[in-house]
>>> print(open('coords.cif').read())   # mmCIF, C-alpha atoms
data_work
loop_
_atom_site.label_atom_id
_atom_site.label_comp_id
_atom_site.auth_asym_id
_atom_site.auth_seq_id
_atom_site.Cartn_x
_atom_site.Cartn_y
_atom_site.Cartn_z
CA MET A 193 -15.26 -2.96 17.80
CA ARG A 194 -12.04 -2.73 19.79
CA VAL A 195 -8.71 -2.28 18.01
CA ASP A 196 -6.99 -4.78 20.31
CA GLU A 197 -9.11 -7.53 18.69
CA PHE A 198 -6.75 -7.13 15.72
CA ASP A 199 -3.54 -7.47 17.72
CA PHE A 200 -1.02 -10.31 17.47
CA ASP A 201 2.61 -10.94 18.40
CA LEU A 202 5.14 -10.97 15.57
CA PRO A 203 8.78 -11.98 16.13
CA ARG A 204 11.11 -9.21 14.91
CA GLN A 205 13.12 -11.69 12.81
CA LEU A 206 10.10 -12.28 10.54
CA ILE A 207 10.11 -8.68 9.27
CA ALA A 208 11.69 -8.83 5.81
CA GLU A 209 14.64 -6.51 5.20
CA ARG A 210 14.98 -7.35 1.48
CA PRO A 211 12.60 -8.83 -1.10
CA ALA A 212 12.93 -12.38 -2.38
CA GLU A 213 15.11 -12.89 -5.45
CA PRO A 214 13.68 -13.46 -7.99
CA ARG A 215 10.63 -11.65 -6.69
CA ASP A 216 8.13 -14.32 -7.72
CA THR A 217 9.92 -16.92 -5.55
CA ALA A 218 8.37 -15.31 -2.47
CA ARG A 219 6.12 -17.63 -0.52
CA MET A 220 2.35 -17.32 -0.92
CA LEU A 221 -0.17 -18.58 1.62
CA GLU A 222 -3.47 -19.34 -0.06
CA VAL A 223 -6.36 -18.73 2.34
CA ALA A 224 -9.47 -20.51 1.10
CA ALA A 225 -12.70 -21.79 2.59
CA ASP A 226 -11.33 -25.34 2.61
CA GLY A 227 -8.02 -24.58 4.29
CA LEU A 228 -4.59 -22.98 4.19
CA PHE A 229 -2.14 -23.92 1.45
CA ASP A 230 1.59 -23.12 1.31
CA ARG A 231 2.65 -22.05 -2.19
CA GLN A 232 4.90 -19.58 -4.02
CA VAL A 233 3.88 -16.43 -5.87
CA ARG A 234 5.00 -18.07 -9.14
CA ASP A 235 2.18 -20.61 -8.54
CA LEU A 236 -0.40 -17.84 -9.01
CA PRO A 237 -1.28 -18.68 -12.65
CA GLY A 238 -2.28 -22.19 -11.58
CA ARG A 239 -4.54 -20.79 -8.87
CA LEU A 240 -6.45 -18.58 -11.33
CA GLU A 241 -8.67 -19.45 -14.26
CA ALA A 242 -8.88 -18.34 -17.87
CA GLY A 243 -11.20 -15.34 -17.95
CA ASP A 244 -10.13 -13.97 -14.56
CA LEU A 245 -8.98 -10.36 -14.53
CA LEU A 246 -6.01 -9.05 -12.59
CA VAL A 247 -6.30 -5.42 -11.44
CA VAL A 248 -2.97 -3.76 -10.62
CA ASN A 249 -1.96 -0.36 -9.28
CA ASP A 250 0.48 1.50 -11.54
CA THR A 251 1.41 4.30 -9.15
CA ARG A 252 5.10 5.13 -8.91
CA VAL A 253 6.84 5.91 -5.62
CA ILE A 254 8.50 9.32 -5.45
CA PRO A 255 11.54 10.15 -3.22
CA ALA A 256 9.23 11.70 -0.64
CA ARG A 257 11.42 11.80 2.49
CA LEU A 258 13.51 14.96 2.85
CA HIS A 259 16.11 15.92 5.47
CA GLY A 260 16.66 19.61 6.07
CA LYS A 261 17.31 22.27 8.67
CA ARG A 262 15.42 25.15 10.23
CA GLY A 263 18.34 27.20 11.38
CA LEU A 264 20.52 24.67 13.18
CA ALA A 265 17.68 22.27 13.99
CA GLY A 266 17.41 19.12 11.88
CA ILE A 267 13.96 18.53 10.40
CA GLU A 268 12.59 15.54 8.48
CA ILE A 269 9.72 16.19 6.07
CA MET A 270 7.70 13.23 4.78
CA LEU A 271 5.41 14.27 1.92
CA HIS A 272 2.09 12.52 1.71
CA GLN A 273 -0.32 14.43 -0.54
CA PRO A 274 -0.17 17.40 -2.93
CA ALA A 275 -2.58 20.19 -2.03
CA ALA A 276 -1.90 22.61 -4.91
CA GLU A 277 0.93 23.57 -7.28
CA GLY A 278 4.08 23.45 -5.16
CA LEU A 279 2.07 22.94 -1.95
CA TRP A 280 2.19 19.60 -0.15
CA ARG A 281 0.73 18.11 2.97
CA ALA A 282 3.46 16.40 4.94
CA PHE A 283 4.46 14.97 8.29
CA ALA A 284 7.29 16.80 10.03
CA ARG A 285 9.62 15.43 12.66
CA PRO A 286 10.11 16.97 15.16
CA ALA A 287 7.03 19.08 14.42
CA LYS A 288 7.27 20.98 17.71
CA LYS A 289 10.24 22.90 16.30
CA LEU A 290 8.13 24.35 13.48
CA LYS A 291 5.62 27.16 13.14
CA PRO A 292 3.97 28.81 10.11
CA GLY A 293 6.44 30.97 8.25
CA ASP A 294 9.48 28.86 9.12
CA VAL A 295 11.77 27.95 6.23
CA VAL A 296 13.21 24.44 6.06
CA ARG A 297 16.27 24.27 3.80
CA PHE A 298 17.21 20.94 2.20
CA ALA A 299 20.03 22.24 -0.01
CA ASP A 300 21.44 25.57 -1.16
CA ASP A 301 18.97 25.56 -4.05
CA PHE A 302 16.02 23.81 -2.40
CA ALA A 303 13.77 24.95 0.46
CA ALA A 304 10.18 24.98 1.65
CA THR A 305 8.12 27.30 3.85
CA VAL A 306 5.74 26.00 6.49
CA VAL A 307 2.28 27.35 5.59
CA THR A 308 0.07 25.68 8.18
CA LYS A 309 0.58 23.34 11.11
CA GLY A 310 -1.97 20.75 12.18
CA GLU A 311 -2.18 17.89 14.63
CA ALA A 312 -0.01 14.77 14.92
CA GLY A 313 2.93 16.40 13.17
CA GLU A 314 1.06 17.29 9.98
CA VAL A 315 2.08 20.46 8.15
CA GLU A 316 1.56 22.08 4.79
CA VAL A 317 4.73 23.22 3.06
CA ALA A 318 5.20 25.42 -0.01
CA PHE A 319 8.30 24.68 -2.08
CA ASP A 320 10.36 27.52 -3.49
CA ASP A 321 10.69 25.87 -6.92
CA SER A 322 7.39 24.24 -7.78
CA ALA A 323 8.26 23.88 -11.47
CA GLY A 324 11.46 21.98 -10.69
CA LEU A 325 10.13 20.04 -7.71
CA ALA A 326 10.21 16.60 -9.32
CA ASP A 327 13.86 17.04 -10.25
CA LYS A 328 14.75 18.35 -6.78
CA LEU A 329 13.06 15.37 -5.13
CA ARG A 330 15.06 12.99 -7.32
CA ARG A 331 18.28 14.81 -6.36
CA TYR A 332 17.70 15.31 -2.65
CA GLY A 333 14.87 13.03 -1.58
CA GLU A 334 15.02 9.49 -0.20
CA VAL A 335 12.97 6.43 -0.99
CA PRO A 336 10.32 6.54 1.75
CA LEU A 337 10.87 3.08 3.21
CA PRO A 338 8.53 2.12 6.05
CA PRO A 339 9.94 2.62 9.55
CA TYR A 340 10.07 -1.12 10.26
CA ILE A 341 12.73 -1.73 7.56
CA ALA A 342 16.04 -1.13 9.30
CA ARG A 343 18.35 1.18 7.36
CA PRO A 344 20.59 2.96 9.91
CA HIS A 345 22.20 5.02 7.14
CA GLY A 346 19.05 5.48 5.07
CA PRO A 347 17.81 3.66 1.95
CA ASP A 348 20.47 2.44 -0.46
CA GLU A 349 20.62 2.28 -4.25
CA ARG A 350 19.13 -1.19 -4.25
CA ASP A 351 16.04 0.13 -2.46
CA ARG A 352 15.42 2.60 -5.28
CA GLU A 353 14.74 -0.37 -7.56
CA ASP A 354 13.38 -2.85 -5.02
CA TYR A 355 10.68 -0.46 -3.77
CA GLN A 356 9.07 -0.01 -7.22
CA THR A 357 6.72 -2.47 -8.89
CA VAL A 358 7.03 -3.57 -12.50
CA PHE A 359 3.76 -1.70 -13.11
CA ALA A 360 5.04 1.70 -11.85
CA ARG A 361 4.10 4.41 -14.32
CA HIS A 362 2.53 7.49 -12.67
CA ASP A 363 4.50 9.46 -10.07
CA GLY A 364 2.69 10.23 -6.83
CA ALA A 365 2.91 7.48 -4.21
CA VAL A 366 4.91 7.84 -1.02
CA ALA A 367 4.61 4.14 -0.21
CA ALA A 368 4.73 1.19 -2.58
CA PRO A 369 1.65 -0.90 -3.39
CA THR A 370 3.60 -3.83 -2.04
CA ALA A 371 1.65 -6.77 -3.47
CA GLY A 372 2.85 -5.62 -6.87
CA LEU A 373 6.48 -6.02 -5.79
CA HIS A 374 6.18 -9.79 -6.31
CA PHE A 375 5.59 -9.62 -10.06
CA THR A 376 8.21 -10.33 -12.71
CA PRO A 377 8.02 -10.34 -16.53
CA ALA A 378 8.10 -14.15 -16.43
CA LEU A 379 5.13 -14.28 -14.07
CA LEU A 380 3.17 -11.87 -16.23
CA ASP A 381 3.88 -14.03 -19.28
CA ALA A 382 2.68 -17.12 -17.42
CA LEU A 383 -0.54 -15.34 -16.39
CA ALA A 384 -1.18 -14.24 -19.97
CA ALA A 385 -0.58 -17.79 -21.21
CA ARG A 386 -3.13 -18.99 -18.65
CA GLY A 387 -5.73 -16.63 -20.14
CA VAL A 388 -5.66 -14.15 -17.26
CA ASP A 389 -5.93 -10.59 -18.52
CA MET A 390 -4.74 -7.48 -16.68
CA VAL A 391 -5.89 -3.86 -16.32
CA ARG A 392 -4.35 -0.91 -14.50
CA LEU A 393 -5.71 1.70 -12.15
CA THR A 394 -3.85 4.34 -10.14
CA LEU A 395 -4.06 4.95 -6.40
CA HIS A 396 -1.31 7.15 -5.03
CA VAL A 397 -0.52 5.55 -1.68
CA GLY A 398 -0.10 8.13 1.08
CA ALA A 399 2.08 8.21 4.17
CA GLY A 400 -1.08 7.76 6.21
CA THR A 401 -0.64 4.06 5.52
CA PHE A 402 2.26 4.13 8.04
CA LEU A 403 0.24 5.77 10.79
CA PRO A 404 -0.75 3.55 13.71
CA VAL A 405 -4.34 3.30 14.87
CA LYS A 406 -4.25 5.23 18.14
CA SER A 407 -7.92 5.04 19.08
CA GLU A 408 -9.19 2.23 21.29
CA THR A 409 -12.08 1.53 18.93
CA VAL A 410 -12.12 0.94 15.20
CA GLU A 411 -14.87 3.53 14.83
CA GLY A 412 -12.62 6.20 16.38
CA HIS A 413 -9.98 6.00 13.65
CA VAL A 414 -9.95 8.55 10.81
CA MET A 415 -8.45 7.45 7.48
CA HIS A 416 -6.29 9.79 5.41
CA ALA A 417 -7.58 10.37 1.89
CA GLU A 418 -5.64 9.13 -1.14
CA ARG A 419 -5.93 10.17 -4.78
CA GLY A 420 -7.07 7.62 -7.33
CA GLN A 421 -8.07 7.24 -10.95
CA LEU A 422 -9.91 4.46 -12.76
CA SER A 423 -10.60 5.10 -16.44
CA PRO A 424 -13.89 4.46 -18.25
CA GLU A 425 -12.15 1.82 -20.38
CA VAL A 426 -10.97 -0.09 -17.32
CA ALA A 427 -14.40 0.15 -15.69
CA ASP A 428 -15.99 -1.26 -18.85
CA ARG A 429 -13.48 -4.13 -18.96
CA ILE A 430 -14.09 -5.06 -15.31
CA ASN A 431 -17.86 -5.02 -15.78
CA ALA A 432 -17.60 -7.13 -18.93
CA VAL A 433 -15.46 -9.75 -17.16
CA ARG A 434 -17.90 -9.97 -14.27
CA ALA A 435 -20.85 -10.27 -16.66
CA ALA A 436 -19.06 -13.17 -18.40
CA GLY A 437 -18.53 -15.00 -15.11
CA GLY A 438 -14.85 -14.14 -14.62
CA ARG A 439 -13.39 -13.18 -11.28
CA ILE A 440 -11.83 -9.86 -10.33
CA VAL A 441 -8.44 -10.36 -8.64
CA ALA A 442 -7.17 -7.26 -6.86
CA VAL A 443 -3.38 -7.04 -6.61
CA GLY A 444 -3.00 -5.29 -3.28
CA THR A 445 -5.25 -3.53 -0.83
CA THR A 446 -4.76 -0.29 -2.76
CA SER A 447 -6.36 -1.76 -5.90
CA LEU A 448 -9.14 -3.24 -3.79
CA ARG A 449 -9.87 0.03 -1.99
CA LEU A 450 -10.17 1.97 -5.24
CA LEU A 451 -12.32 -0.71 -6.86
CA GLU A 452 -14.67 -0.73 -3.88
CA SER A 453 -14.76 3.08 -3.88
CA ALA A 454 -15.77 3.03 -7.54
CA ALA A 455 -18.41 0.28 -7.26
CA ASP A 456 -22.16 0.72 -7.02
CA GLU A 457 -24.28 -1.33 -4.62
CA ASP A 458 -24.88 -3.91 -7.35
CA GLY A 459 -21.14 -4.26 -8.04
CA THR A 460 -21.06 -2.17 -11.21
CA VAL A 461 -17.74 -0.34 -11.37
CA ARG A 462 -17.84 3.30 -12.46
CA PRO A 463 -15.01 5.53 -13.66
CA PHE A 464 -13.32 7.28 -10.74
CA ASP A 465 -11.13 10.36 -10.52
CA GLY A 466 -10.74 11.89 -7.07
CA SER A 467 -9.95 11.06 -3.46
CA THR A 468 -11.04 8.14 -1.33
CA ASP A 469 -10.84 7.60 2.41
CA ILE A 470 -12.74 4.31 2.39
CA PHE A 471 -12.17 2.36 5.63
CA ILE A 472 -13.00 -1.34 5.27
CA THR A 473 -13.61 -3.29 8.46
CA PRO A 474 -15.41 -6.56 9.34
CA GLY A 475 -19.06 -6.31 8.38
CA TYR A 476 -18.34 -4.57 5.09
CA ARG A 477 -20.08 -6.12 2.06
CA PHE A 478 -17.65 -6.35 -0.84
CA ARG A 479 -19.04 -5.38 -4.22
CA ALA A 480 -16.33 -5.65 -6.86
CA VAL A 481 -13.50 -7.97 -5.78
CA ASP A 482 -13.45 -11.78 -5.64
CA LEU A 483 -9.81 -12.54 -4.76
CA LEU A 484 -7.08 -10.46 -3.18
CA LEU A 485 -3.31 -10.88 -3.42
CA THR A 486 -1.69 -9.00 -0.57
CA ASN A 487 1.27 -9.02 1.80
CA PHE A 488 1.17 -9.75 5.53
CA HIS A 489 0.22 -6.66 7.49
CA LEU A 490 0.99 -5.04 10.83
CA PRO A 491 -0.96 -5.91 13.98
CA ARG A 492 -3.69 -3.41 14.89
CA SER A 493 -3.45 -1.86 11.41
CA THR A 494 -6.25 -0.78 9.09
CA LEU A 495 -4.92 -3.22 6.48
CA PHE A 496 -5.18 -6.20 8.84
CA MET A 497 -8.74 -5.05 9.54
CA LEU A 498 -9.38 -5.02 5.78
CA VAL A 499 -8.17 -8.58 5.21
CA CYS A 500 -10.22 -9.75 8.20
CA ALA A 501 -13.24 -8.15 6.54
CA PHE A 502 -12.42 -9.87 3.25
CA SER A 503 -11.75 -13.44 4.39
CA GLY A 504 -13.22 -13.49 7.90
CA MET A 505 -11.61 -12.57 11.18
CA ASP A 506 -11.32 -16.11 12.54
CA ARG A 507 -9.86 -17.41 9.28
CA MET A 508 -7.31 -14.59 9.05
CA LYS A 509 -6.19 -15.03 12.65
CA GLN A 510 -5.64 -18.72 11.89
CA ALA A 511 -3.79 -17.81 8.67
CA TYR A 512 -1.47 -15.36 10.45
CA ALA A 513 -0.79 -17.84 13.25
CA HIS A 514 0.13 -20.43 10.59
CA ALA A 515 2.34 -17.93 8.74
CA ILE A 516 4.22 -17.01 11.91
CA ALA A 517 4.73 -20.64 12.89
CA ALA A 518 5.89 -21.49 9.35
CA GLY A 519 8.37 -18.60 9.20
CA TYR A 520 6.71 -16.49 6.50
CA ARG A 521 8.33 -13.08 5.99
CA PHE A 522 6.14 -10.09 6.84
CA TYR A 523 5.43 -6.55 5.64
CA SER A 524 6.53 -4.59 2.56
CA TYR A 525 9.45 -6.76 1.40
CA GLY A 526 7.88 -9.95 2.72
CA ASP A 527 5.79 -12.83 1.43
CA ALA A 528 2.25 -12.80 0.07
CA CYS A 529 -1.11 -14.38 0.65
CA LEU A 530 -3.87 -15.12 -1.83
CA LEU A 531 -7.20 -14.53 -0.14
CA HIS A 532 -10.55 -15.91 -1.21
CA ARG A 533 -13.50 -13.76 -0.22
CA SER A 534 -15.74 -14.96 2.55
CA ASP A 535 -19.45 -14.26 2.23
CA LYS A 536 -19.79 -14.26 6.02
CA ASN A 537 -19.55 -11.01 7.92
CA ASP A 538 -17.61 -12.39 10.86
#
>>> encode(input="coords.cif", output="structure tokens")
Amino acid sequence: MRVDEFDFDLPRQLIAERPAEPRDTARMLEVAADGLFDRQVRDLPGRLEAGDLLVVNDTRVIPARLHGKRGLAGIEIMLHQPAAEGLWRAFARPAKKLKPGDVVRFADDFAATVVTKGEAGEVEVAFDDSAGLADKLRRYGEVPLPPYIARPHGPDERDREDYQTVFARHDGAVAAPTAGLHFTPALLDALAARGVDMVRLTLHVGAGTFLPVKSETVEGHVMHAERGQLSPEVADRINAVRAAGGRIVAVGTTSLRLLESAADEDGTVRPFDGSTDIFITPGYRFRAVDLLLTNFHLPRSTLFMLVCAFSGMDRMKQAYAHAIAAGYRFYSYGDACLLHRSDKND
């Protein structure tokens, strides 16, 4: 399958620079078998049923973007996955200025040594203060906003709050699970009043989510692995809801990817603690998820491929064309869509 089958034109003015306020006033396009319906995120309780189960990702975004120097040369380090105590895999820019053994200094009391250098700008760096790394990141790191959000002078204080979900609990993500950005305490209360329960899992979103698909074919793309955890108690709750006839509603592609990684062929969800590099494309048979709340994704991206697999390629192309024509706001700070699963592998 060719990657250009997942391409589309998006006007630059539809890329959201700030989230809606309040967050649950963002628009929500419901994509169902019987049509497309323009709604708001705060309408979600009315679109679900008592007994449905919401599955959210409670990862917390860390200040993963660092600006430093190797000698006089400026270097940006974007962390994306811990490899060991004090050792992180990262993307460096410009990577050509680095070699193993080089020291990148971010502040007088904060530096890292390049341990290995791979392809496409990937490096492994060892920090000089592994015990105090979390504090140093808070002091010197930046919120790792995606490159399509224009901040000429870097993220501001508002971004530090805007780019976290209300579910954020466990440090480790370097990109937000953006579907969760739409939720407010009022919306959660309304869902509970509707009889919709909620459980949490953790998938630490990596910087690989920003990487473009450079291969000409879908099969030629290699996914970066991400760390996830789904507890036995959550697995039991999901299985019980499905056995009782309730639906599993994944909040975000990150929740969906971990659920599908943890599911057996028959849809039984098992506890999970490890890494997943699951790559979901059209033809995939979904096992664990019935509905998906997600944002609007980039053209030619693995996430647009995922939603095409979930709701059907033709239907999603129609949905995105409708969203563009109707002025929906795209990407991390943008609007949402509520997708019903298609049983067709188109």
>>> residues_near_point(input="coords.cif", point="(-4.5, 13.8, -1.4)", cutoff="6 Å", atoms="all atoms listed in the file", output="MDAnalysis selection string")
chainID A and resid 273:274 417:419
>>> resolve_selection(input="coords.cif", expression="the PyMOL selection byres ((chain A and resi 366-376) around 6)", output="MDAnalysis selection string")
chainID A and resid 215:216 253:254 256 357 365 377:379 397:399 443:444 486:487 524
>>> write_last_selection(input="coords.cif", atoms="C-alpha atoms", output="mmCIF file, keeping the file's coordinate frame")
data_model
loop_
_atom_site.group_PDB
_atom_site.id
_atom_site.type_symbol
_atom_site.label_atom_id
_atom_site.label_comp_id
_atom_site.auth_asym_id
_atom_site.auth_seq_id
_atom_site.Cartn_x
_atom_site.Cartn_y
_atom_site.Cartn_z
ATOM 1 C CA ARG A 215 10.630 -11.650 -6.690
ATOM 2 C CA ASP A 216 8.130 -14.320 -7.720
ATOM 3 C CA VAL A 253 6.840 5.910 -5.620
ATOM 4 C CA ILE A 254 8.500 9.320 -5.450
ATOM 5 C CA ALA A 256 9.230 11.700 -0.640
ATOM 6 C CA THR A 357 6.720 -2.470 -8.890
ATOM 7 C CA ALA A 365 2.910 7.480 -4.210
ATOM 8 C CA PRO A 377 8.020 -10.340 -16.530
ATOM 9 C CA ALA A 378 8.100 -14.150 -16.430
ATOM 10 C CA LEU A 379 5.130 -14.280 -14.070
ATOM 11 C CA VAL A 397 -0.520 5.550 -1.680
ATOM 12 C CA GLY A 398 -0.100 8.130 1.080
ATOM 13 C CA ALA A 399 2.080 8.210 4.170
ATOM 14 C CA VAL A 443 -3.380 -7.040 -6.610
ATOM 15 C CA GLY A 444 -3.000 -5.290 -3.280
ATOM 16 C CA THR A 486 -1.690 -9.000 -0.570
ATOM 17 C CA ASN A 487 1.270 -9.020 1.800
ATOM 18 C CA SER A 524 6.530 -4.590 2.560
#
>>> atom_distance(input="coords.cif", atom1="atom CA of Pro203 of chain A", atom2="atom CA of Phe496 of chain A")
16.8 Å
>>> atom_distance(input="coords.cif", atom1="atom CA of Ala513 of chain A", atom2="atom CA of Pro339 of chain A")
23.4 Å
>>> resolve_selection(input="coords.cif", expression="the PyMOL selection byres ((chain A and resi 504) around 12)", output="ChimeraX atom specification")
/A:198,223-225,473-477,496-503,505-511,531-538
>>> resolve_selection(input="coords.cif", expression="the PyMOL selection byres ((chain A and resi 385-391) around 7)", output="number ranges by chain")
A: 237, 241-248, 381-384, 392-393, 426
>>> write_last_selection(input="coords.cif", atoms="C-alpha atoms", output="PDB file, in the frame of the given file")
ATOM      1  CA  PRO A 237      -1.280 -18.680 -12.650  1.00  0.00           C
ATOM      2  CA  GLU A 241      -8.670 -19.450 -14.260  1.00  0.00           C
ATOM      3  CA  ALA A 242      -8.880 -18.340 -17.870  1.00  0.00           C
ATOM      4  CA  GLY A 243     -11.200 -15.340 -17.950  1.00  0.00           C
ATOM      5  CA  ASP A 244     -10.130 -13.970 -14.560  1.00  0.00           C
ATOM      6  CA  LEU A 245      -8.980 -10.360 -14.530  1.00  0.00           C
ATOM      7  CA  LEU A 246      -6.010  -9.050 -12.590  1.00  0.00           C
ATOM      8  CA  VAL A 247      -6.300  -5.420 -11.440  1.00  0.00           C
ATOM      9  CA  VAL A 248      -2.970  -3.760 -10.620  1.00  0.00           C
ATOM     10  CA  ASP A 381       3.880 -14.030 -19.280  1.00  0.00           C
ATOM     11  CA  ALA A 382       2.680 -17.120 -17.420  1.00  0.00           C
ATOM     12  CA  LEU A 383      -0.540 -15.340 -16.390  1.00  0.00           C
ATOM     13  CA  ALA A 384      -1.180 -14.240 -19.970  1.00  0.00           C
ATOM     14  CA  ARG A 392      -4.350  -0.910 -14.500  1.00  0.00           C
ATOM     15  CA  LEU A 393      -5.710   1.700 -12.150  1.00  0.00           C
ATOM     16  CA  VAL A 426     -10.970  -0.090 -17.320  1.00  0.00           C
TER      17      VAL A 426
END
>>> atom_distance(input="coords.cif", atom1="atom CA of Thr305 of chain A", atom2="atom CA of His416 of chain A")
22.7 Å
>>> closest_residue(input="coords.cif", among="A:Leu380, A:Asp294, A:Gln205, A:Phe471", to="Phe359 of chain A", atoms="all atoms listed in the file")
A:Leu380
>>> build_atoms(input="coords.cif", residues="segment 462-478 of chain A", atoms="N, CA and C atoms", output="PDB file, in the coordinates of the input")
ATOM      1  N   ARG A 462     -17.757   2.045 -11.714  1.00  0.00           N
ATOM      2  CA  ARG A 462     -17.840   3.300 -12.460  1.00  0.00           C
ATOM      3  C   ARG A 462     -16.459   3.934 -12.591  1.00  0.00           C
ATOM      4  N   PRO A 463     -16.263   4.769 -13.598  1.00  0.00           N
ATOM      5  CA  PRO A 463     -15.010   5.530 -13.660  1.00  0.00           C
ATOM      6  C   PRO A 463     -14.846   6.355 -12.384  1.00  0.00           C
ATOM      7  N   PHE A 464     -13.601   6.577 -12.006  1.00  0.00           N
ATOM      8  CA  PHE A 464     -13.320   7.280 -10.740  1.00  0.00           C
ATOM      9  C   PHE A 464     -12.134   8.195 -10.954  1.00  0.00           C
ATOM     10  N   ASP A 465     -12.243   9.415 -10.462  1.00  0.00           N
ATOM     11  CA  ASP A 465     -11.130  10.360 -10.520  1.00  0.00           C
ATOM     12  C   ASP A 465     -11.301  11.322  -9.345  1.00  0.00           C
ATOM     13  N   GLY A 466     -10.584  11.063  -8.258  1.00  0.00           N
ATOM     14  CA  GLY A 466     -10.740  11.890  -7.070  1.00  0.00           C
ATOM     15  C   GLY A 466     -10.045  11.268  -5.882  1.00  0.00           C
ATOM     16  N   SER A 467     -10.544  11.559  -4.692  1.00  0.00           N
ATOM     17  CA  SER A 467      -9.950  11.060  -3.460  1.00  0.00           C
ATOM     18  C   SER A 467     -10.879  10.047  -2.801  1.00  0.00           C
ATOM     19  N   THR A 468     -10.271   9.099  -2.109  1.00  0.00           N
ATOM     20  CA  THR A 468     -11.040   8.140  -1.330  1.00  0.00           C
ATOM     21  C   THR A 468     -10.424   7.990   0.047  1.00  0.00           C
ATOM     22  N   ASP A 469     -11.283   7.911   1.046  1.00  0.00           N
ATOM     23  CA  ASP A 469     -10.840   7.600   2.410  1.00  0.00           C
ATOM     24  C   ASP A 469     -11.601   6.387   2.936  1.00  0.00           C
ATOM     25  N   ILE A 470     -11.967   5.492   2.022  1.00  0.00           N
ATOM     26  CA  ILE A 470     -12.740   4.310   2.390  1.00  0.00           C
ATOM     27  C   ILE A 470     -11.995   3.510   3.471  1.00  0.00           C
ATOM     28  N   PHE A 471     -12.730   3.092   4.496  1.00  0.00           N
ATOM     29  CA  PHE A 471     -12.170   2.360   5.630  1.00  0.00           C
ATOM     30  C   PHE A 471     -12.962   1.059   5.730  1.00  0.00           C
ATOM     31  N   ILE A 472     -12.321  -0.048   5.364  1.00  0.00           N
ATOM     32  CA  ILE A 472     -13.000  -1.340   5.270  1.00  0.00           C
ATOM     33  C   ILE A 472     -12.694  -2.164   6.511  1.00  0.00           C
ATOM     34  N   THR A 473     -13.740  -2.522   7.223  1.00  0.00           N
ATOM     35  CA  THR A 473     -13.610  -3.290   8.460  1.00  0.00           C
ATOM     36  C   THR A 473     -14.624  -4.441   8.436  1.00  0.00           C
ATOM     37  N   PRO A 474     -14.472  -5.433   9.333  1.00  0.00           N
ATOM     38  CA  PRO A 474     -15.410  -6.560   9.340  1.00  0.00           C
ATOM     39  C   PRO A 474     -16.868  -6.089   9.395  1.00  0.00           C
ATOM     40  N   GLY A 475     -17.673  -6.713   8.563  1.00  0.00           N
ATOM     41  CA  GLY A 475     -19.060  -6.310   8.380  1.00  0.00           C
ATOM     42  C   GLY A 475     -19.308  -5.638   7.050  1.00  0.00           C
ATOM     43  N   TYR A 476     -18.215  -5.202   6.399  1.00  0.00           N
ATOM     44  CA  TYR A 476     -18.340  -4.570   5.090  1.00  0.00           C
ATOM     45  C   TYR A 476     -18.753  -5.603   4.039  1.00  0.00           C
ATOM     46  N   ARG A 477     -19.668  -5.236   3.154  1.00  0.00           N
ATOM     47  CA  ARG A 477     -20.080  -6.120   2.060  1.00  0.00           C
ATOM     48  C   ARG A 477     -19.328  -5.736   0.793  1.00  0.00           C
ATOM     49  N   PHE A 478     -18.460  -6.630   0.340  1.00  0.00           N
ATOM     50  CA  PHE A 478     -17.650  -6.350  -0.840  1.00  0.00           C
ATOM     51  C   PHE A 478     -18.500  -6.426  -2.101  1.00  0.00           C
TER      52      PHE A 478
END
